[in-house]
Amino acid sequence: MTQQPVKLLYGPEAEPVIIIIDDDDAMREALVCLVESVGLKAVDFERADDFLNSDLRPCVGVIITDMRIPGTSGLGLLEKLRASGQHLPVIVISAFANLRDGVRAMSLGAVDVLEKPFDEQSLLDKLQDLITETRNRASQCCLTAQAKVKVDRLTNREREVMGYLAQGLQNKSIANALGLSVKTVEIHRHNVLTKLEVQTLVDVYQLTQSADRATGSGRCCGVNS
């Protein structure tokens with residue numbers, strides 16, 4: 001099993017990591033060589049359970065797993081990844097693919113099911129497409145996670161003011177709605193803009209929309225929200 005240090009796992013600029021899971025030593029080594037031949041980093045595991053027990057959860061990359069492996073199968077891996085909210089794309093390969101298993105794999109989120117032997121160039125092309133997709137997803141994930149972190153800095157009163165600012169209301173209208181003085185609203189408004197690191201009401205609206213879309217822990221970019 002290849003266990004080389006993997007750095008910069010988070011964020012859209014992270015180095016892509018191709019995770020290979022196969023109990024067939026020859027096939028696993030062949031896949032590692034194929035992936036590394038185009039300059040991609042490969043980390044391999046003999047069993048899905050070894051991967052699940054590791055801390056390796058890159059946000060840019062792809063998982064390639066055999067359908068039938070000891071312990072947790074390829075289908076079982078898909079089920080566990082889905083249950084945990086992990087969205088790294090998975091390609092399933094098998095020497096004994098059948099229609100039922102293929103349909104089940106796709107229903108669990110596999111992006112493709114390949115029967116051995118498969119076309120190597122087609123696999124490499126697919127990996128590049130998926131890397132681009134995961135990089136774009138990581139970029140959006142980071143924007144939403146960072147927005148949520150900023151919103152979490154606000155006090156409850158500042159969040160109330162933020163909500164009205166996002167609607168485009170001016171200080172006097174916000175003061176009337178909250179039963180506050182205009183001066184107090186001005187102070188809260190200043191604090192909101194400062195903590196959110198924005199300047200205009202349009203910025204406030206866009207950031208609150210991003211924060212509302214945030215999911216998970218922000219691990220996608222190393223942000224703990």
# chains A, B, ... in the order shown; residues from 1 in each chain; ligands from 1
>>> residues_around(residues="Lys172 (chain A)", least_positions_apart="2", cutoff="12 Å", atoms="only C-alpha atoms", output="VMD selection string")
chain A and resid 161 164 to 165 168 to 170 174 to 186 189
>>> write_last_selection(atoms="all heavy atoms", output="CSV table (one decimal), in the first residue's frame")
chain,number,residue,atom,x,y,z
A,161,VAL,N,-30.1,43.0,12.5
A,161,VAL,CA,-29.8,44.2,11.6
A,161,VAL,C,-29.3,43.7,10.3
A,161,VAL,O,-29.8,44.2,9.2
A,161,VAL,CB,-28.8,45.1,12.3
A,161,VAL,CG1,-28.3,46.2,11.3
A,161,VAL,CG2,-29.3,45.7,13.6
A,164,TYR,N,-32.2,42.8,8.0
A,164,TYR,CA,-32.9,44.0,7.4
A,164,TYR,C,-32.0,44.6,6.3
A,164,TYR,O,-32.5,45.1,5.3
A,164,TYR,CB,-33.3,45.0,8.4
A,164,TYR,CG,-34.4,44.5,9.3
A,164,TYR,CD1,-34.3,44.2,10.6
A,164,TYR,CD2,-35.7,44.4,8.7
A,164,TYR,CE1,-35.4,43.8,11.4
A,164,TYR,CE2,-36.8,44.0,9.5
A,164,TYR,CZ,-36.6,43.7,10.8
A,164,TYR,OH,-37.7,43.3,11.6
A,165,LEU,N,-30.7,44.7,6.6
A,165,LEU,CA,-29.8,45.2,5.6
A,165,LEU,C,-29.8,44.4,4.3
A,165,LEU,O,-29.8,45.0,3.2
A,165,LEU,CB,-28.3,45.3,6.1
A,165,LEU,CG,-28.1,46.3,7.3
A,165,LEU,CD1,-26.6,46.0,7.8
A,165,LEU,CD2,-28.2,47.7,6.8
A,168,GLY,N,-32.3,45.5,2.0
A,168,GLY,CA,-32.1,46.8,1.4
A,168,GLY,C,-32.7,47.9,2.3
A,168,GLY,O,-32.8,49.1,1.8
A,169,LEU,N,-33.1,47.7,3.5
A,169,LEU,CA,-33.7,48.7,4.4
A,169,LEU,C,-32.6,49.7,4.9
A,169,LEU,O,-31.5,49.3,5.1
A,169,LEU,CB,-34.4,48.1,5.6
A,169,LEU,CG,-35.9,47.7,5.4
A,169,LEU,CD1,-36.0,46.6,4.3
A,169,LEU,CD2,-36.5,47.3,6.7
A,170,GLN,N,-33.0,50.9,5.0
A,170,GLN,CA,-32.1,52.0,5.5
A,170,GLN,C,-32.2,52.0,7.0
A,170,GLN,O,-33.1,51.4,7.7
A,170,GLN,CB,-32.5,53.3,4.9
A,170,GLN,CG,-32.3,53.3,3.4
A,170,GLN,CD,-30.9,53.0,2.9
A,170,GLN,OE1,-29.9,53.5,3.5
A,170,GLN,NE2,-30.8,52.1,2.0
A,174,ILE,N,-35.0,50.3,9.8
A,174,ILE,CA,-34.5,49.3,10.7
A,174,ILE,C,-34.8,49.7,12.1
A,174,ILE,O,-35.2,48.8,12.9
A,174,ILE,CB,-33.0,49.0,10.4
A,174,ILE,CG1,-32.8,48.5,9.0
A,174,ILE,CG2,-32.5,47.9,11.4
A,174,ILE,CD1,-31.3,48.3,8.6
A,175,ALA,N,-34.5,50.9,12.5
A,175,ALA,CA,-34.7,51.4,13.8
A,175,ALA,C,-36.2,51.3,14.2
A,175,ALA,O,-36.5,50.8,15.3
A,175,ALA,CB,-34.3,52.9,13.9
A,176,ASN,N,-37.1,51.6,13.3
A,176,ASN,CA,-38.5,51.5,13.6
A,176,ASN,C,-38.9,50.0,13.7
A,176,ASN,O,-39.7,49.7,14.6
A,176,ASN,CB,-39.3,52.1,12.4
A,176,ASN,CG,-39.2,53.6,12.4
A,176,ASN,OD1,-38.9,54.3,13.4
A,176,ASN,ND2,-39.4,54.2,11.2
A,177,ALA,N,-38.4,49.2,12.9
A,177,ALA,CA,-38.7,47.8,13.0
A,177,ALA,C,-38.3,47.1,14.2
A,177,ALA,O,-38.9,46.2,14.8
A,177,ALA,CB,-38.1,47.0,11.8
A,178,LEU,N,-37.1,47.5,14.8
A,178,LEU,CA,-36.5,46.9,15.9
A,178,LEU,C,-36.8,47.7,17.2
A,178,LEU,O,-36.4,47.2,18.3
A,178,LEU,CB,-35.0,46.7,15.7
A,178,LEU,CG,-34.6,45.7,14.6
A,178,LEU,CD1,-33.1,45.7,14.5
A,178,LEU,CD2,-35.1,44.3,14.9
A,179,GLY,N,-37.4,48.8,17.1
A,179,GLY,CA,-37.6,49.7,18.3
A,179,GLY,C,-36.3,50.2,18.9
A,179,GLY,O,-36.2,50.3,20.1
A,180,LEU,N,-35.4,50.6,18.0
A,180,LEU,CA,-34.1,51.1,18.4
A,180,LEU,C,-33.9,52.5,17.9
A,180,LEU,O,-34.7,53.0,17.0
A,180,LEU,CB,-33.0,50.3,17.9
A,180,LEU,CG,-32.9,48.8,18.3
A,180,LEU,CD1,-31.9,48.0,17.5
A,180,LEU,CD2,-32.7,48.6,19.7
A,181,SER,N,-33.0,53.2,18.5
A,181,SER,CA,-32.6,54.5,18.0
A,181,SER,C,-31.8,54.4,16.7
A,181,SER,O,-31.2,53.4,16.5
A,181,SER,CB,-31.8,55.3,19.0
A,181,SER,OG,-30.5,54.8,19.1
A,182,VAL,N,-31.9,55.4,15.8
A,182,VAL,CA,-31.1,55.4,14.6
A,182,VAL,C,-29.6,55.3,14.9
A,182,VAL,O,-28.9,54.6,14.2
A,182,VAL,CB,-31.4,56.6,13.7
A,182,VAL,CG1,-30.5,56.7,12.5
A,182,VAL,CG2,-32.9,56.7,13.3
A,183,LYS,N,-29.2,56.0,16.0
A,183,LYS,CA,-27.8,55.9,16.3
A,183,LYS,C,-27.3,54.5,16.7
A,183,LYS,O,-26.3,54.1,16.3
A,183,LYS,CB,-27.5,56.9,17.5
A,183,LYS,CG,-26.1,56.9,18.0
A,183,LYS,CD,-25.2,57.5,16.9
A,183,LYS,CE,-23.8,57.7,17.3
A,183,LYS,NZ,-22.9,58.2,16.3
A,184,THR,N,-28.2,53.8,17.4
A,184,THR,CA,-27.9,52.4,17.8
A,184,THR,C,-27.8,51.5,16.6
A,184,THR,O,-26.9,50.7,16.4
A,184,THR,CB,-28.9,51.9,18.8
A,184,THR,OG1,-28.9,52.7,20.0
A,184,THR,CG2,-28.6,50.4,19.1
A,185,VAL,N,-28.7,51.7,15.6
A,185,VAL,CA,-28.7,51.0,14.4
A,185,VAL,C,-27.4,51.3,13.6
A,185,VAL,O,-26.8,50.4,13.0
A,185,VAL,CB,-30.0,51.3,13.5
A,185,VAL,CG1,-29.8,50.6,12.1
A,185,VAL,CG2,-31.2,50.7,14.2
A,186,GLU,N,-27.0,52.5,13.6
A,186,GLU,CA,-25.8,52.9,12.9
A,186,GLU,C,-24.6,52.2,13.4
A,186,GLU,O,-23.7,51.7,12.7
A,186,GLU,CB,-25.6,54.4,13.0
A,186,GLU,CG,-26.5,55.2,12.2
A,186,GLU,CD,-26.3,56.7,12.4
A,186,GLU,OE1,-25.6,57.1,13.3
A,186,GLU,OE2,-27.0,57.5,11.6
A,189,ARG,N,-24.9,48.5,12.4
A,189,ARG,CA,-24.7,48.4,11.0
A,189,ARG,C,-23.1,48.5,10.7
A,189,ARG,O,-22.6,47.7,9.9
A,189,ARG,CB,-25.3,49.6,10.2
A,189,ARG,CG,-25.0,49.7,8.7
A,189,ARG,CD,-25.7,50.8,8.1
A,189,ARG,NE,-25.3,50.9,6.7
A,189,ARG,CZ,-26.1,51.2,5.7
A,189,ARG,NH1,-27.4,51.3,5.9
A,189,ARG,NH2,-25.7,51.3,4.4
>>> select_by_dssp(residues="region 49-88 of chain A", states="strand (DSSP E or B)", output="list of chain:residue names")
A:Gly61, A:Val62, A:Ile63, A:Ile64, A:Thr65, A:Asp66
>>> residues_around(residues="region 112-128 of chain A", least_positions_apart="5", cutoff="6 Å", atoms="only C-alpha atoms", output="PyMOL selection string")
chain A and resi 91-95+97
>>> residues_around(residues="region 197-206 of chain A", least_positions_apart="4", cutoff="9 Å", atoms="only C-alpha atoms", output="count of residues only")
12
>>> residues_around(residues="region 12-19 of chain A", least_positions_apart="5", cutoff="7 Å", atoms="only C-alpha atoms", output="PyMOL selection string")
chain A and resi 40-44+58+60-64+131+135-136+138-139
>>> write_last_selection(atoms="N, CA and C atoms", output="compact mmCIF listing (two decimals), in the first residue's frame")
# COMPACT_ATOMS: atom_id res chain seq x y z
N LEU A 40 -0.33 12.58 -11.70
CA LEU A 40 -1.29 12.67 -10.60
C LEU A 40 -0.79 11.86 -9.41
N LYS A 41 -1.18 12.30 -8.21
CA LYS A 41 -0.80 11.57 -7.00
C LYS A 41 -1.78 10.45 -6.76
N ALA A 42 -1.26 9.25 -6.51
CA ALA A 42 -2.09 8.09 -6.22
C ALA A 42 -1.78 7.57 -4.82
N VAL A 43 -2.83 7.24 -4.08
CA VAL A 43 -2.68 6.59 -2.78
C VAL A 43 -3.55 5.34 -2.83
N ASP A 44 -2.96 4.18 -2.55
CA ASP A 44 -3.71 2.94 -2.73
C ASP A 44 -3.94 2.20 -1.42
N PRO A 58 -9.52 13.88 0.84
CA PRO A 58 -9.26 15.05 -0.01
C PRO A 58 -10.55 15.59 -0.59
N VAL A 60 -10.35 17.38 -3.56
CA VAL A 60 -10.09 17.39 -5.00
C VAL A 60 -9.48 16.04 -5.36
N GLY A 61 -10.19 15.27 -6.16
CA GLY A 61 -9.68 13.95 -6.52
C GLY A 61 -10.79 12.99 -6.84
N VAL A 62 -10.44 11.70 -6.87
CA VAL A 62 -11.38 10.66 -7.28
C VAL A 62 -11.04 9.38 -6.52
N ILE A 63 -12.05 8.58 -6.23
CA ILE A 63 -11.86 7.24 -5.67
C ILE A 63 -12.12 6.22 -6.78
N ILE A 64 -11.18 5.30 -6.95
CA ILE A 64 -11.38 4.17 -7.86
C ILE A 64 -11.40 2.92 -6.99
N ILE A 131 -11.68 15.66 -11.72
CA ILE A 131 -10.83 16.56 -10.93
C ILE A 131 -11.30 17.99 -11.09
N ARG A 135 -12.76 20.32 -8.11
CA ARG A 135 -12.11 21.60 -7.85
C ARG A 135 -13.14 22.73 -7.83
N ASN A 136 -14.06 22.70 -8.80
CA ASN A 136 -15.12 23.71 -8.84
C ASN A 136 -16.02 23.60 -7.61
N ALA A 138 -15.16 22.43 -4.69
CA ALA A 138 -14.40 22.89 -3.53
C ALA A 138 -14.39 24.41 -3.47
N SER A 139 -14.30 25.05 -4.62
CA SER A 139 -14.30 26.52 -4.66
C SER A 139 -15.61 27.07 -4.10
>>> closest_residue(among="A:Ala145, A:Met67, A:Val38, A:Leu207", to="Ile20 (chain A)", atoms="only C-alpha atoms")
A:Met67
>>> atom_distance(atom1="CA of Thr72 (chain A)", atom2="CA of Glu29 (chain A)")
20.4 Å
>>> atom_distance(atom1="CA of Ser73 (chain A)", atom2="CA of Ala105 (chain A)")
10.9 Å
>>> closest_residue(among="A:Leu34, A:Val103, A:Leu77, A:Leu88", to="Arg57 (chain A)", atoms="only C-alpha atoms")
A:Leu88
>>> select_by_dssp(residues="region 69-184 of chain A", states="alpha helix (DSSP H)", output="PyMOL selection string")
chain A and resi 74-84+99-107+120-151+156-166+171-178+182-184
>>> closest_residue(among="A:Ala48, A:Cys142, A:Val151, A:Leu75", to="Lys195 (chain A)", atoms="only C-alpha atoms")
A:Val151
>>> closest_residue(among="A:Arg157, A:His190, A:His87, A:Arg68", to="Val111 (chain A)", atoms="only C-alpha atoms")
A:His87
>>> decode(residues="region 71-87 of chain A", atoms="all heavy atoms", output="PDB file, in the first residue's frame")
ATOM      1  N   GLY A  71     -14.140  -7.683   3.143  1.00  0.00           N
ATOM      2  CA  GLY A  71     -14.636  -6.677   4.079  1.00  0.00           C
ATOM      3  C   GLY A  71     -15.709  -5.835   3.408  1.00  0.00           C
ATOM      4  O   GLY A  71     -16.592  -6.362   2.727  1.00  0.00           O
ATOM      5  N   THR A  72     -15.626  -4.544   3.587  1.00  0.00           N
ATOM      6  CA  THR A  72     -16.579  -3.637   2.947  1.00  0.00           C
ATOM      7  C   THR A  72     -16.384  -3.664   1.441  1.00  0.00           C
ATOM      8  O   THR A  72     -15.303  -3.365   0.945  1.00  0.00           O
ATOM      9  CB  THR A  72     -16.408  -2.200   3.471  1.00  0.00           C
ATOM     10  OG1 THR A  72     -16.638  -2.184   4.884  1.00  0.00           O
ATOM     11  CG2 THR A  72     -17.385  -1.252   2.796  1.00  0.00           C
ATOM     12  N   SER A  73     -17.418  -4.016   0.698  1.00  0.00           N
ATOM     13  CA  SER A  73     -17.331  -4.108  -0.764  1.00  0.00           C
ATOM     14  C   SER A  73     -17.358  -2.717  -1.381  1.00  0.00           C
ATOM     15  O   SER A  73     -17.539  -1.708  -0.694  1.00  0.00           O
ATOM     16  CB  SER A  73     -18.507  -4.923  -1.294  1.00  0.00           C
ATOM     17  OG  SER A  73     -19.727  -4.218  -1.070  1.00  0.00           O
ATOM     18  N   GLY A  74     -17.224  -2.674  -2.705  1.00  0.00           N
ATOM     19  CA  GLY A  74     -17.323  -1.395  -3.391  1.00  0.00           C
ATOM     20  C   GLY A  74     -18.679  -0.748  -3.173  1.00  0.00           C
ATOM     21  O   GLY A  74     -18.779   0.464  -2.953  1.00  0.00           O
ATOM     22  N   LEU A  75     -19.746  -1.561  -3.200  1.00  0.00           N
ATOM     23  CA  LEU A  75     -21.089  -1.039  -2.945  1.00  0.00           C
ATOM     24  C   LEU A  75     -21.216  -0.575  -1.495  1.00  0.00           C
ATOM     25  O   LEU A  75     -21.827   0.460  -1.207  1.00  0.00           O
ATOM     26  CB  LEU A  75     -22.144  -2.107  -3.251  1.00  0.00           C
ATOM     27  CG  LEU A  75     -22.295  -2.509  -4.722  1.00  0.00           C
ATOM     28  CD1 LEU A  75     -23.324  -3.620  -4.863  1.00  0.00           C
ATOM     29  CD2 LEU A  75     -22.689  -1.303  -5.572  1.00  0.00           C
ATOM     30  N   GLY A  76     -20.629  -1.350  -0.583  1.00  0.00           N
ATOM     31  CA  GLY A  76     -20.666  -0.956   0.823  1.00  0.00           C
ATOM     32  C   GLY A  76     -19.930   0.348   1.062  1.00  0.00           C
ATOM     33  O   GLY A  76     -20.362   1.180   1.872  1.00  0.00           O
ATOM     34  N   LEU A  77     -18.823   0.532   0.346  1.00  0.00           N
ATOM     35  CA  LEU A  77     -18.076   1.782   0.456  1.00  0.00           C
ATOM     36  C   LEU A  77     -18.935   2.959   0.000  1.00  0.00           C
ATOM     37  O   LEU A  77     -18.977   4.012   0.660  1.00  0.00           O
ATOM     38  CB  LEU A  77     -16.806   1.706  -0.393  1.00  0.00           C
ATOM     39  CG  LEU A  77     -15.999   3.004  -0.530  1.00  0.00           C
ATOM     40  CD1 LEU A  77     -15.471   3.453   0.823  1.00  0.00           C
ATOM     41  CD2 LEU A  77     -14.843   2.811  -1.515  1.00  0.00           C
ATOM     42  N   LEU A  78     -19.631   2.789  -1.115  1.00  0.00           N
ATOM     43  CA  LEU A  78     -20.502   3.843  -1.614  1.00  0.00           C
ATOM     44  C   LEU A  78     -21.573   4.199  -0.582  1.00  0.00           C
ATOM     45  O   LEU A  78     -21.875   5.376  -0.350  1.00  0.00           O
ATOM     46  CB  LEU A  78     -21.160   3.408  -2.923  1.00  0.00           C
ATOM     47  CG  LEU A  78     -20.274   3.439  -4.173  1.00  0.00           C
ATOM     48  CD1 LEU A  78     -20.926   2.639  -5.298  1.00  0.00           C
ATOM     49  CD2 LEU A  78     -20.018   4.869  -4.626  1.00  0.00           C
ATOM     50  N   GLU A  79     -22.147   3.181   0.051  1.00  0.00           N
ATOM     51  CA  GLU A  79     -23.176   3.410   1.054  1.00  0.00           C
ATOM     52  C   GLU A  79     -22.627   4.206   2.238  1.00  0.00           C
ATOM     53  O   GLU A  79     -23.265   5.139   2.732  1.00  0.00           O
ATOM     54  CB  GLU A  79     -23.750   2.079   1.536  1.00  0.00           C
ATOM     55  CG  GLU A  79     -24.581   1.349   0.479  1.00  0.00           C
ATOM     56  CD  GLU A  79     -25.041  -0.018   0.947  1.00  0.00           C
ATOM     57  OE1 GLU A  79     -24.397  -0.578   1.861  1.00  0.00           O
ATOM     58  OE2 GLU A  79     -26.035  -0.534   0.401  1.00  0.00           O
ATOM     59  N   LYS A  80     -21.429   3.842   2.692  1.00  0.00           N
ATOM     60  CA  LYS A  80     -20.846   4.514   3.848  1.00  0.00           C
ATOM     61  C   LYS A  80     -20.426   5.945   3.515  1.00  0.00           C
ATOM     62  O   LYS A  80     -20.585   6.851   4.345  1.00  0.00           O
ATOM     63  CB  LYS A  80     -19.659   3.709   4.372  1.00  0.00           C
ATOM     64  CG  LYS A  80     -20.070   2.384   5.004  1.00  0.00           C
ATOM     65  CD  LYS A  80     -18.892   1.618   5.573  1.00  0.00           C
ATOM     66  CE  LYS A  80     -19.354   0.316   6.226  1.00  0.00           C
ATOM     67  NZ  LYS A  80     -18.238  -0.446   6.833  1.00  0.00           N
ATOM     68  N   LEU A  81     -19.900   6.149   2.326  1.00  0.00           N
ATOM     69  CA  LEU A  81     -19.521   7.503   1.919  1.00  0.00           C
ATOM     70  C   LEU A  81     -20.762   8.385   1.803  1.00  0.00           C
ATOM     71  O   LEU A  81     -20.750   9.547   2.224  1.00  0.00           O
ATOM     72  CB  LEU A  81     -18.774   7.463   0.584  1.00  0.00           C
ATOM     73  CG  LEU A  81     -17.380   6.841   0.607  1.00  0.00           C
ATOM     74  CD1 LEU A  81     -16.811   6.772  -0.808  1.00  0.00           C
ATOM     75  CD2 LEU A  81     -16.444   7.634   1.515  1.00  0.00           C
ATOM     76  N   ARG A  82     -21.820   7.819   1.249  1.00  0.00           N
ATOM     77  CA  ARG A  82     -23.065   8.582   1.098  1.00  0.00           C
ATOM     78  C   ARG A  82     -23.631   8.947   2.463  1.00  0.00           C
ATOM     79  O   ARG A  82     -24.086  10.072   2.681  1.00  0.00           O
ATOM     80  CB  ARG A  82     -24.072   7.750   0.304  1.00  0.00           C
ATOM     81  CG  ARG A  82     -25.369   8.474  -0.027  1.00  0.00           C
ATOM     82  CD  ARG A  82     -26.246   7.600  -0.903  1.00  0.00           C
ATOM     83  NE  ARG A  82     -27.413   8.300  -1.383  1.00  0.00           N
ATOM     84  CZ  ARG A  82     -28.311   7.782  -2.195  1.00  0.00           C
ATOM     85  NH1 ARG A  82     -28.152   6.540  -2.637  1.00  0.00           N
ATOM     86  NH2 ARG A  82     -29.362   8.471  -2.586  1.00  0.00           N
ATOM     87  N   ALA A  83     -23.607   7.998   3.405  1.00  0.00           N
ATOM     88  CA  ALA A  83     -24.158   8.234   4.742  1.00  0.00           C
ATOM     89  C   ALA A  83     -23.363   9.291   5.499  1.00  0.00           C
ATOM     90  O   ALA A  83     -23.910  10.041   6.305  1.00  0.00           O
ATOM     91  CB  ALA A  83     -24.171   6.928   5.538  1.00  0.00           C
ATOM     92  N   SER A  84     -22.055   9.366   5.218  1.00  0.00           N
ATOM     93  CA  SER A  84     -21.192  10.327   5.924  1.00  0.00           C
ATOM     94  C   SER A  84     -21.190  11.704   5.274  1.00  0.00           C
ATOM     95  O   SER A  84     -20.595  12.643   5.795  1.00  0.00           O
ATOM     96  CB  SER A  84     -19.759   9.797   5.995  1.00  0.00           C
ATOM     97  OG  SER A  84     -19.171   9.756   4.705  1.00  0.00           O
ATOM     98  N   GLY A  85     -21.835  11.833   4.110  1.00  0.00           N
ATOM     99  CA  GLY A  85     -21.864  13.125   3.441  1.00  0.00           C
ATOM    100  C   GLY A  85     -20.637  13.411   2.607  1.00  0.00           C
ATOM    101  O   GLY A  85     -20.441  14.527   2.131  1.00  0.00           O
ATOM    102  N   GLN A  86     -19.786  12.388   2.403  1.00  0.00           N
ATOM    103  CA  GLN A  86     -18.585  12.552   1.585  1.00  0.00           C
ATOM    104  C   GLN A  86     -18.968  12.554   0.111  1.00  0.00           C
ATOM    105  O   GLN A  86     -19.664  11.651  -0.359  1.00  0.00           O
ATOM    106  CB  GLN A  86     -17.594  11.414   1.867  1.00  0.00           C
ATOM    107  CG  GLN A  86     -16.425  11.342   0.906  1.00  0.00           C
ATOM    108  CD  GLN A  86     -15.477  12.511   1.044  1.00  0.00           C
ATOM    109  OE1 GLN A  86     -15.311  13.055   2.114  1.00  0.00           O
ATOM    110  NE2 GLN A  86     -14.853  12.914  -0.046  1.00  0.00           N
ATOM    111  N   HIS A  87     -18.530  13.573  -0.631  1.00  0.00           N
ATOM    112  CA  HIS A  87     -18.971  13.724  -2.013  1.00  0.00           C
ATOM    113  C   HIS A  87     -17.865  13.495  -3.042  1.00  0.00           C
ATOM    114  O   HIS A  87     -18.031  13.845  -4.205  1.00  0.00           O
ATOM    115  CB  HIS A  87     -19.557  15.115  -2.230  1.00  0.00           C
ATOM    116  CG  HIS A  87     -20.746  15.381  -1.370  1.00  0.00           C
ATOM    117  ND1 HIS A  87     -21.912  14.651  -1.467  1.00  0.00           N
ATOM    118  CD2 HIS A  87     -20.949  16.289  -0.382  1.00  0.00           C
ATOM    119  CE1 HIS A  87     -22.794  15.101  -0.591  1.00  0.00           C
ATOM    120  NE2 HIS A  87     -22.245  16.089   0.083  1.00  0.00           N
TER     121      HIS A  87
END
